[in-house]
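Working notes, structure below.
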Amino acid sequence: MNYFAYANLMDIDLIHGVAPSAKALSIACLKDYELSFGKTTDGAYDGARLVPSKGAETWGVHYELSDSDMAAMDRSAGTDKGHWAHKSIILHTANGEVVNSTTYDMPNPSGPAGAPAHYVEPLLKGARANKLPPAYIAKLEKLLKSA
């Protein structure tokens with residue numbers, strides 16, 4: 001199964017804690033979406049979400065992982081409680097390929113939120129380690145500093 005991480009799960013150590021089979025295939029861009037942060041429908045958690053925004057780009061890591069690891073990630077993400085849900089997406093890799101993938105998005109957020117403290121370090125670590133575009137990393141640093 002393919003999965004696109006655009007927040008804290010870009011950190012290979014963090015994703016391996018839930019999905020040991022995760023293998024980074026490439027960095028990739030999700031066009032017309034902006035990384036943002038919100039509160040889950042029930043207000044229980046703050047976390048990453050995607051906001052439609054014409055012309056925006058959200059960069060991240062395109063992974064391959066086992067179905068059983070995806071199920072473990074679903075449990076961790078609280079998909080059964082509606083905290084996050086699968087979203088089918090089309091990615092553009094750094095070498096020009098167009099690929100189908102899935103990611104998590106927060107359905108029906110109950111409000112805006114800042115970046116949770118436990119997201120900041122792994123999100124930046126993953127962005128740097130996977131060599132996302134320097135301008136995008138600078139944008140993340142600014143976003144996370146203001147959060």
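Note on naming: chains are A, B, ... as they come in the structure tokens, residues start from 1 per chain, ligands start from 1 in the order shown.
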**Asked** Which residues come within 9 Å of region 76-88 of chain A, counting only C-alpha atoms, excluding same-chain residues fewer than 2 positions away, as a PyMOL selection string?
**Response** chain A and resi 18+39-45+49+71-74+90+100-109
If you keep C-alpha atoms, can you produce a file of those selected residues as a PDB file, in the first residue's frame?
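Wrote it out as result.pdb, contents follow:
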```
ATOM      1  CA  VAL A  18       3.896   2.167  14.022  1.00  0.00           C
ATOM      2  CA  LYS A  39      -8.649  20.124  16.210  1.00  0.00           C
ATOM      3  CA  THR A  40     -10.362  16.792  15.569  1.00  0.00           C
ATOM      4  CA  THR A  41     -14.155  16.730  15.313  1.00  0.00           C
ATOM      5  CA  ASP A  42     -14.506  15.873  19.007  1.00  0.00           C
ATOM      6  CA  GLY A  43     -11.775  18.343  20.016  1.00  0.00           C
ATOM      7  CA  ALA A  44      -9.707  15.536  21.564  1.00  0.00           C
ATOM      8  CA  TYR A  45      -6.563  16.050  19.470  1.00  0.00           C
ATOM      9  CA  ARG A  49      -4.666  18.576   8.101  1.00  0.00           C
ATOM     10  CA  ALA A  71      -4.205  -1.011   9.689  1.00  0.00           C
ATOM     11  CA  ALA A  72      -1.935  -0.310  12.682  1.00  0.00           C
ATOM     12  CA  MET A  73      -1.578   3.300  11.538  1.00  0.00           C
ATOM     13  CA  ASP A  74      -5.369   3.556  11.212  1.00  0.00           C
ATOM     14  CA  ILE A  90      -2.460  12.260  -6.790  1.00  0.00           C
ATOM     15  CA  ASN A 100      -1.714   7.658  -6.845  1.00  0.00           C
ATOM     16  CA  SER A 101      -1.468   7.392  -3.098  1.00  0.00           C
ATOM     17  CA  THR A 102      -3.429   7.772   0.099  1.00  0.00           C
ATOM     18  CA  THR A 103      -2.896  10.009   3.086  1.00  0.00           C
ATOM     19  CA  TYR A 104      -4.703  11.031   6.228  1.00  0.00           C
ATOM     20  CA  ASP A 105      -6.756  14.160   6.512  1.00  0.00           C
ATOM     21  CA  MET A 106      -8.819  15.482   9.379  1.00  0.00           C
ATOM     22  CA  PRO A 107     -12.495  15.311   8.435  1.00  0.00           C
ATOM     23  CA  ASN A 108     -14.718  18.034   9.848  1.00  0.00           C
ATOM     24  CA  PRO A 109     -12.194  19.723  12.146  1.00  0.00           C
TER      25      PRO A 109
END
```
**Prompt:** Which value, in Å to one decimal, gives the distance between CA of Ala19 (chain A) and CA of Ala129 (chain A)?
**Reply:** 18.3 Å
**Request:** Tell me which protein, DNA and RNA residues are within 8 Å of Cys29 (chain A), counting only C-alpha atoms, leaving out same-chain ones fewer than 3 positions away, and put them as a PyMOL selection string.
**Result:** chain A and resi 57-60+91-94
Create the file for the chosen residues now, containing C-alpha atoms and written as a short mmCIF file (atom, residue, chain, number, x, y, z; two decimals), in the first residue's frame.
```
data_model
loop_
_atom_site.label_atom_id
_atom_site.label_comp_id
_atom_site.auth_asym_id
_atom_site.auth_seq_id
_atom_site.Cartn_x
_atom_site.Cartn_y
_atom_site.Cartn_z
CA GLU A 57 2.04 22.76 -2.64
CA THR A 58 2.44 20.36 0.25
CA TRP A 59 5.64 18.32 0.06
CA GLY A 60 6.23 15.07 1.89
CA LEU A 91 1.18 13.10 -6.15
CA HIS A 92 3.92 14.59 -8.30
CA THR A 93 7.33 13.16 -7.48
CA ALA A 94 10.53 15.19 -7.64
#
```
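Closest approach to Lys23 (chain A) among A:Leu65, A:Val99, A:Ala115, A:Leu35: A:Leu65, based on only C-alpha atoms.
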**Asked** Near region 131-138 of chain A, within 7 Å and counting only C-alpha atoms, which residues show up once chain neighbours fewer than 4 positions away are dropped, as a PyMOL selection string?
**Response** chain A and resi 27+59+127+142
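What separates CA of Asp67 (chain A) from CA of Tyr119 (chain A) is a distance of 24.5 Å.
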DSSP on the backbone, then: every residue of region 19-71 of chain A marked strand (DSSP E), written as a tab-separated table (two decimals) with all heavy atoms, in the first residue's frame.
```tsv
chain	number	residue	atom	x	y	z
A	23	LYS	N	8.72	1.95	3.71
A	23	LYS	CA	9.92	2.19	2.91
A	23	LYS	C	9.67	3.45	2.08
A	23	LYS	O	8.69	3.53	1.34
A	23	LYS	CB	10.17	1.00	1.98
A	23	LYS	CG	11.33	1.18	1.04
A	23	LYS	CD	11.42	0.00	0.08
A	23	LYS	CE	12.41	0.34	-1.02
A	23	LYS	NZ	12.30	-0.55	-2.15
A	24	ALA	N	10.56	4.43	2.23
A	24	ALA	CA	10.42	5.68	1.48
A	24	ALA	C	10.68	5.40	0.01
A	24	ALA	O	11.72	4.86	-0.36
A	24	ALA	CB	11.38	6.73	2.01
A	25	LEU	N	9.72	5.75	-0.85
A	25	LEU	CA	9.87	5.58	-2.29
A	25	LEU	C	10.43	6.83	-2.93
A	25	LEU	O	11.25	6.75	-3.84
A	25	LEU	CB	8.52	5.24	-2.93
A	25	LEU	CG	7.84	3.97	-2.45
A	25	LEU	CD1	6.46	3.84	-3.08
A	25	LEU	CD2	8.69	2.75	-2.77
A	26	SER	N	9.97	8.01	-2.48
A	26	SER	CA	10.42	9.27	-3.06
A	26	SER	C	9.85	10.41	-2.24
A	26	SER	O	8.95	10.21	-1.43
A	26	SER	CB	9.93	9.41	-4.51
A	26	SER	OG	8.51	9.49	-4.55
A	27	ILE	N	10.37	11.60	-2.50
A	27	ILE	CA	9.67	12.78	-2.01
A	27	ILE	C	8.64	13.13	-3.08
A	27	ILE	O	8.81	12.78	-4.25
A	27	ILE	CB	10.61	13.96	-1.68
A	27	ILE	CG1	11.34	14.47	-2.91
A	27	ILE	CG2	11.57	13.56	-0.57
A	27	ILE	CD1	12.07	15.79	-2.67
A	28	ALA	N	7.58	13.78	-2.67
A	28	ALA	CA	6.51	14.08	-3.61
A	28	ALA	C	5.76	15.32	-3.16
A	28	ALA	O	5.85	15.75	-2.01
A	28	ALA	CB	5.56	12.89	-3.73
A	29	CYS	N	5.00	15.86	-4.09
A	29	CYS	CA	4.25	17.09	-3.86
A	29	CYS	C	2.76	16.83	-4.11
A	29	CYS	O	2.39	16.24	-5.12
A	29	CYS	CB	4.75	18.16	-4.82
A	29	CYS	SG	3.85	19.71	-4.72
A	30	LEU	N	1.95	17.28	-3.18
A	30	LEU	CA	0.50	17.28	-3.34
A	30	LEU	C	0.11	18.71	-3.72
A	30	LEU	O	0.29	19.64	-2.92
A	30	LEU	CB	-0.18	16.86	-2.04
A	30	LEU	CG	-1.71	16.90	-2.03
A	30	LEU	CD1	-2.29	15.98	-3.09
A	30	LEU	CD2	-2.23	16.54	-0.65
A	31	LYS	N	-0.36	18.87	-4.93
A	31	LYS	CA	-0.67	20.21	-5.43
A	31	LYS	C	-2.07	20.65	-5.00
A	31	LYS	O	-2.97	19.85	-4.83
A	31	LYS	CB	-0.55	20.24	-6.95
A	31	LYS	CG	0.88	19.99	-7.41
A	31	LYS	CD	1.05	20.11	-8.89
A	31	LYS	CE	2.49	19.81	-9.23
A	31	LYS	NZ	3.06	20.70	-10.18
A	32	ASP	N	-2.20	21.95	-4.84
A	32	ASP	CA	-3.46	22.62	-4.49
A	32	ASP	C	-3.96	22.31	-3.09
A	32	ASP	O	-5.16	22.40	-2.82
A	32	ASP	CB	-4.54	22.33	-5.55
A	32	ASP	CG	-4.17	22.89	-6.92
A	32	ASP	OD1	-3.54	23.98	-6.95
A	32	ASP	OD2	-4.48	22.26	-7.93
A	33	TYR	N	-3.03	21.96	-2.20
A	33	TYR	CA	-3.35	21.77	-0.77
A	33	TYR	C	-2.26	22.41	0.06
A	33	TYR	O	-1.08	22.38	-0.29
A	33	TYR	CB	-3.45	20.28	-0.40
A	33	TYR	CG	-4.73	19.65	-0.85
A	33	TYR	CD1	-4.82	19.04	-2.09
A	33	TYR	CD2	-5.87	19.69	-0.03
A	33	TYR	CE1	-6.01	18.47	-2.52
A	33	TYR	CE2	-7.06	19.12	-0.47
A	33	TYR	CZ	-7.12	18.51	-1.70
A	33	TYR	OH	-8.30	17.95	-2.12
A	34	GLU	N	-2.66	22.95	1.20
A	34	GLU	CA	-1.76	23.61	2.13
A	34	GLU	C	-1.78	22.83	3.44
A	34	GLU	O	-2.85	22.44	3.93
A	34	GLU	CB	-2.28	25.03	2.38
A	34	GLU	CG	-1.35	25.92	3.13
A	34	GLU	CD	-0.26	26.51	2.25
A	34	GLU	OE1	-0.58	26.98	1.14
A	34	GLU	OE2	0.90	26.48	2.66
A	35	LEU	N	-0.59	22.62	4.03
A	35	LEU	CA	-0.50	22.04	5.36
A	35	LEU	C	-1.04	23.03	6.37
A	35	LEU	O	-0.69	24.21	6.35
A	35	LEU	CB	0.96	21.70	5.69
A	35	LEU	CG	1.28	21.37	7.15
A	35	LEU	CD1	0.56	20.09	7.59
A	35	LEU	CD2	2.78	21.24	7.34
A	36	SER	N	-1.90	22.55	7.24
A	36	SER	CA	-2.46	23.37	8.31
A	36	SER	C	-2.61	22.48	9.54
A	36	SER	O	-2.28	21.29	9.49
A	36	SER	CB	-3.81	23.94	7.87
A	36	SER	OG	-4.31	24.82	8.85
A	37	PHE	N	-3.11	23.05	10.60
A	37	PHE	CA	-3.33	22.28	11.83
A	37	PHE	C	-4.72	22.59	12.36
A	37	PHE	O	-5.21	23.71	12.22
A	37	PHE	CB	-2.26	22.62	12.88
A	37	PHE	CG	-0.88	22.25	12.42
A	37	PHE	CD1	-0.08	23.18	11.80
A	37	PHE	CD2	-0.42	20.95	12.56
A	37	PHE	CE1	1.19	22.83	11.33
A	37	PHE	CE2	0.84	20.60	12.10
A	37	PHE	CZ	1.64	21.53	11.48
A	38	GLY	N	-5.35	21.57	12.91
A	38	GLY	CA	-6.70	21.74	13.42
A	38	GLY	C	-6.98	20.84	14.59
A	38	GLY	O	-6.13	20.03	14.99
A	39	LYS	N	-8.16	20.98	15.12
A	39	LYS	CA	-8.65	20.12	16.21
A	39	LYS	C	-9.60	19.09	15.61
A	39	LYS	O	-10.41	19.42	14.75
A	39	LYS	CB	-9.41	20.94	17.26
A	39	LYS	CG	-8.54	21.91	18.01
A	39	LYS	CD	-9.32	22.57	19.13
A	39	LYS	CE	-8.45	23.48	19.95
A	39	LYS	NZ	-7.34	22.82	20.60
A	46	ASP	N	-5.14	17.76	18.56
A	46	ASP	CA	-4.69	18.72	17.56
A	46	ASP	C	-3.77	17.96	16.62
A	46	ASP	O	-3.04	17.07	17.06
A	46	ASP	CB	-3.88	19.86	18.21
A	46	ASP	CG	-4.70	20.73	19.14
A	46	ASP	OD1	-5.93	20.59	19.16
A	46	ASP	OD2	-4.09	21.55	19.83
A	47	GLY	N	-3.79	18.32	15.34
A	47	GLY	CA	-2.91	17.64	14.41
A	47	GLY	C	-2.95	18.25	13.02
A	47	GLY	O	-3.62	19.25	12.77
A	48	ALA	N	-2.21	17.61	12.13
A	48	ALA	CA	-2.07	18.10	10.76
A	48	ALA	C	-3.32	17.82	9.96
A	48	ALA	O	-4.02	16.82	10.16
A	48	ALA	CB	-0.86	17.44	10.09
A	49	ARG	N	-3.56	18.74	9.03
A	49	ARG	CA	-4.67	18.58	8.10
A	49	ARG	C	-4.30	19.26	6.79
A	49	ARG	O	-3.33	20.02	6.72
A	49	ARG	CB	-5.97	19.12	8.67
A	49	ARG	CG	-5.95	20.60	8.99
A	49	ARG	CD	-7.25	21.07	9.58
A	49	ARG	NE	-8.31	20.99	8.59
A	49	ARG	CZ	-8.94	22.05	8.07
A	49	ARG	NH1	-8.63	23.26	8.45
A	49	ARG	NH2	-9.88	21.89	7.17
A	50	LEU	N	-5.07	18.97	5.77
A	50	LEU	CA	-4.87	19.55	4.45
A	50	LEU	C	-6.01	20.50	4.14
A	50	LEU	O	-7.18	20.15	4.30
A	50	LEU	CB	-4.82	18.45	3.39
A	50	LEU	CG	-3.64	17.49	3.50
A	50	LEU	CD1	-3.87	16.26	2.64
A	50	LEU	CD2	-2.35	18.20	3.12
A	51	VAL	N	-5.64	21.71	3.72
A	51	VAL	CA	-6.64	22.71	3.36
A	51	VAL	C	-6.52	22.98	1.86
A	51	VAL	O	-5.43	23.32	1.38
A	51	VAL	CB	-6.41	24.02	4.15
A	51	VAL	CG1	-7.39	25.09	3.71
A	51	VAL	CG2	-6.53	23.77	5.64
A	52	PRO	N	-7.61	22.80	1.11
A	52	PRO	CA	-7.55	23.11	-0.32
A	52	PRO	C	-7.13	24.57	-0.54
A	52	PRO	O	-7.64	25.47	0.13
A	52	PRO	CB	-8.98	22.87	-0.82
A	52	PRO	CG	-9.59	21.97	0.20
A	52	PRO	CD	-8.94	22.33	1.51
A	53	SER	N	-6.17	24.78	-1.44
A	53	SER	CA	-5.68	26.12	-1.71
A	53	SER	C	-5.06	26.12	-3.10
A	53	SER	O	-3.98	25.56	-3.31
A	53	SER	CB	-4.64	26.53	-0.65
A	53	SER	OG	-4.17	27.83	-0.93
A	54	LYS	N	-5.76	26.73	-4.05
A	54	LYS	CA	-5.32	26.76	-5.44
A	54	LYS	C	-3.89	27.28	-5.54
A	54	LYS	O	-3.56	28.33	-4.99
A	54	LYS	CB	-6.27	27.63	-6.26
A	54	LYS	CG	-6.05	27.56	-7.73
A	54	LYS	CD	-6.69	26.32	-8.30
A	54	LYS	CE	-6.62	26.37	-9.82
A	54	LYS	NZ	-6.56	25.07	-10.39
A	55	GLY	N	-3.03	26.52	-6.20
A	55	GLY	CA	-1.65	26.91	-6.41
A	55	GLY	C	-0.69	26.54	-5.29
A	55	GLY	O	0.52	26.67	-5.44
A	56	ALA	N	-1.21	26.07	-4.15
A	56	ALA	CA	-0.35	25.68	-3.03
A	56	ALA	C	0.32	24.33	-3.31
A	56	ALA	O	-0.13	23.57	-4.18
A	56	ALA	CB	-1.17	25.59	-1.75
A	57	GLU	N	1.36	24.05	-2.56
A	57	GLU	CA	2.04	22.76	-2.64
A	57	GLU	C	2.34	22.28	-1.23
A	57	GLU	O	2.82	23.04	-0.40
A	57	GLU	CB	3.36	22.88	-3.39
A	57	GLU	CG	3.22	23.20	-4.85
A	57	GLU	CD	4.56	23.23	-5.57
A	57	GLU	OE1	5.61	23.42	-4.92
A	57	GLU	OE2	4.54	23.07	-6.81
A	58	THR	N	2.05	21.01	-1.00
A	58	THR	CA	2.44	20.36	0.25
A	58	THR	C	3.38	19.22	-0.12
A	58	THR	O	2.99	18.29	-0.83
A	58	THR	CB	1.22	19.82	1.02
A	58	THR	OG1	0.41	20.94	1.41
A	58	THR	CG2	1.64	19.06	2.26
A	59	TRP	N	4.63	19.33	0.33
A	59	TRP	CA	5.64	18.32	0.06
A	59	TRP	C	5.69	17.32	1.20
A	59	TRP	O	5.35	17.64	2.34
A	59	TRP	CB	7.01	18.98	-0.11
A	59	TRP	CG	7.17	19.64	-1.44
A	59	TRP	CD1	6.78	20.90	-1.79
A	59	TRP	CD2	7.72	19.04	-2.61
A	59	TRP	NE1	7.07	21.13	-3.11
A	59	TRP	CE2	7.66	20.01	-3.63
A	59	TRP	CE3	8.27	17.79	-2.90
A	59	TRP	CZ2	8.13	19.76	-4.92
A	59	TRP	CZ3	8.75	17.56	-4.18
A	59	TRP	CH2	8.67	18.53	-5.18
A	60	GLY	N	6.10	16.11	0.88
A	60	GLY	CA	6.23	15.07	1.89
A	60	GLY	C	6.93	13.86	1.34
A	60	GLY	O	7.60	13.91	0.30
A	61	VAL	N	6.75	12.74	2.03
A	61	VAL	CA	7.41	11.49	1.68
A	61	VAL	C	6.36	10.47	1.25
A	61	VAL	O	5.37	10.25	1.95
A	61	VAL	CB	8.21	10.93	2.88
A	61	VAL	CG1	8.93	9.64	2.50
A	61	VAL	CG2	9.21	11.97	3.38
A	62	HIS	N	6.59	9.88	0.09
A	62	HIS	CA	5.73	8.83	-0.44
A	62	HIS	C	6.32	7.49	-0.01
A	62	HIS	O	7.44	7.15	-0.38
A	62	HIS	CB	5.65	8.95	-1.96
A	62	HIS	CG	4.65	8.06	-2.59
A	62	HIS	ND1	4.90	7.34	-3.71
A	62	HIS	CD2	3.37	7.77	-2.24
A	62	HIS	CE1	3.84	6.65	-4.04
A	62	HIS	NE2	2.90	6.90	-3.16
A	63	TYR	N	5.57	6.76	0.81
A	63	TYR	CA	6.02	5.48	1.36
A	63	TYR	C	5.25	4.31	0.74
A	63	TYR	O	4.11	4.47	0.30
A	63	TYR	CB	5.72	5.40	2.87
A	63	TYR	CG	6.56	6.27	3.76
A	63	TYR	CD1	6.02	7.42	4.33
A	63	TYR	CD2	7.87	5.93	4.08
A	63	TYR	CE1	6.77	8.21	5.20
A	63	TYR	CE2	8.62	6.70	4.94
A	63	TYR	CZ	8.06	7.84	5.50
A	63	TYR	OH	8.81	8.62	6.36
A	64	GLU	N	5.88	3.15	0.84
A	64	GLU	CA	5.20	1.88	0.59
A	64	GLU	C	5.21	1.14	1.92
A	64	GLU	O	6.23	1.12	2.61
A	64	GLU	CB	5.95	1.08	-0.47
A	64	GLU	CG	5.30	-0.27	-0.78
A	64	GLU	CD	6.06	-0.99	-1.88
A	64	GLU	OE1	7.25	-1.30	-1.66
A	64	GLU	OE2	5.46	-1.23	-2.94
```
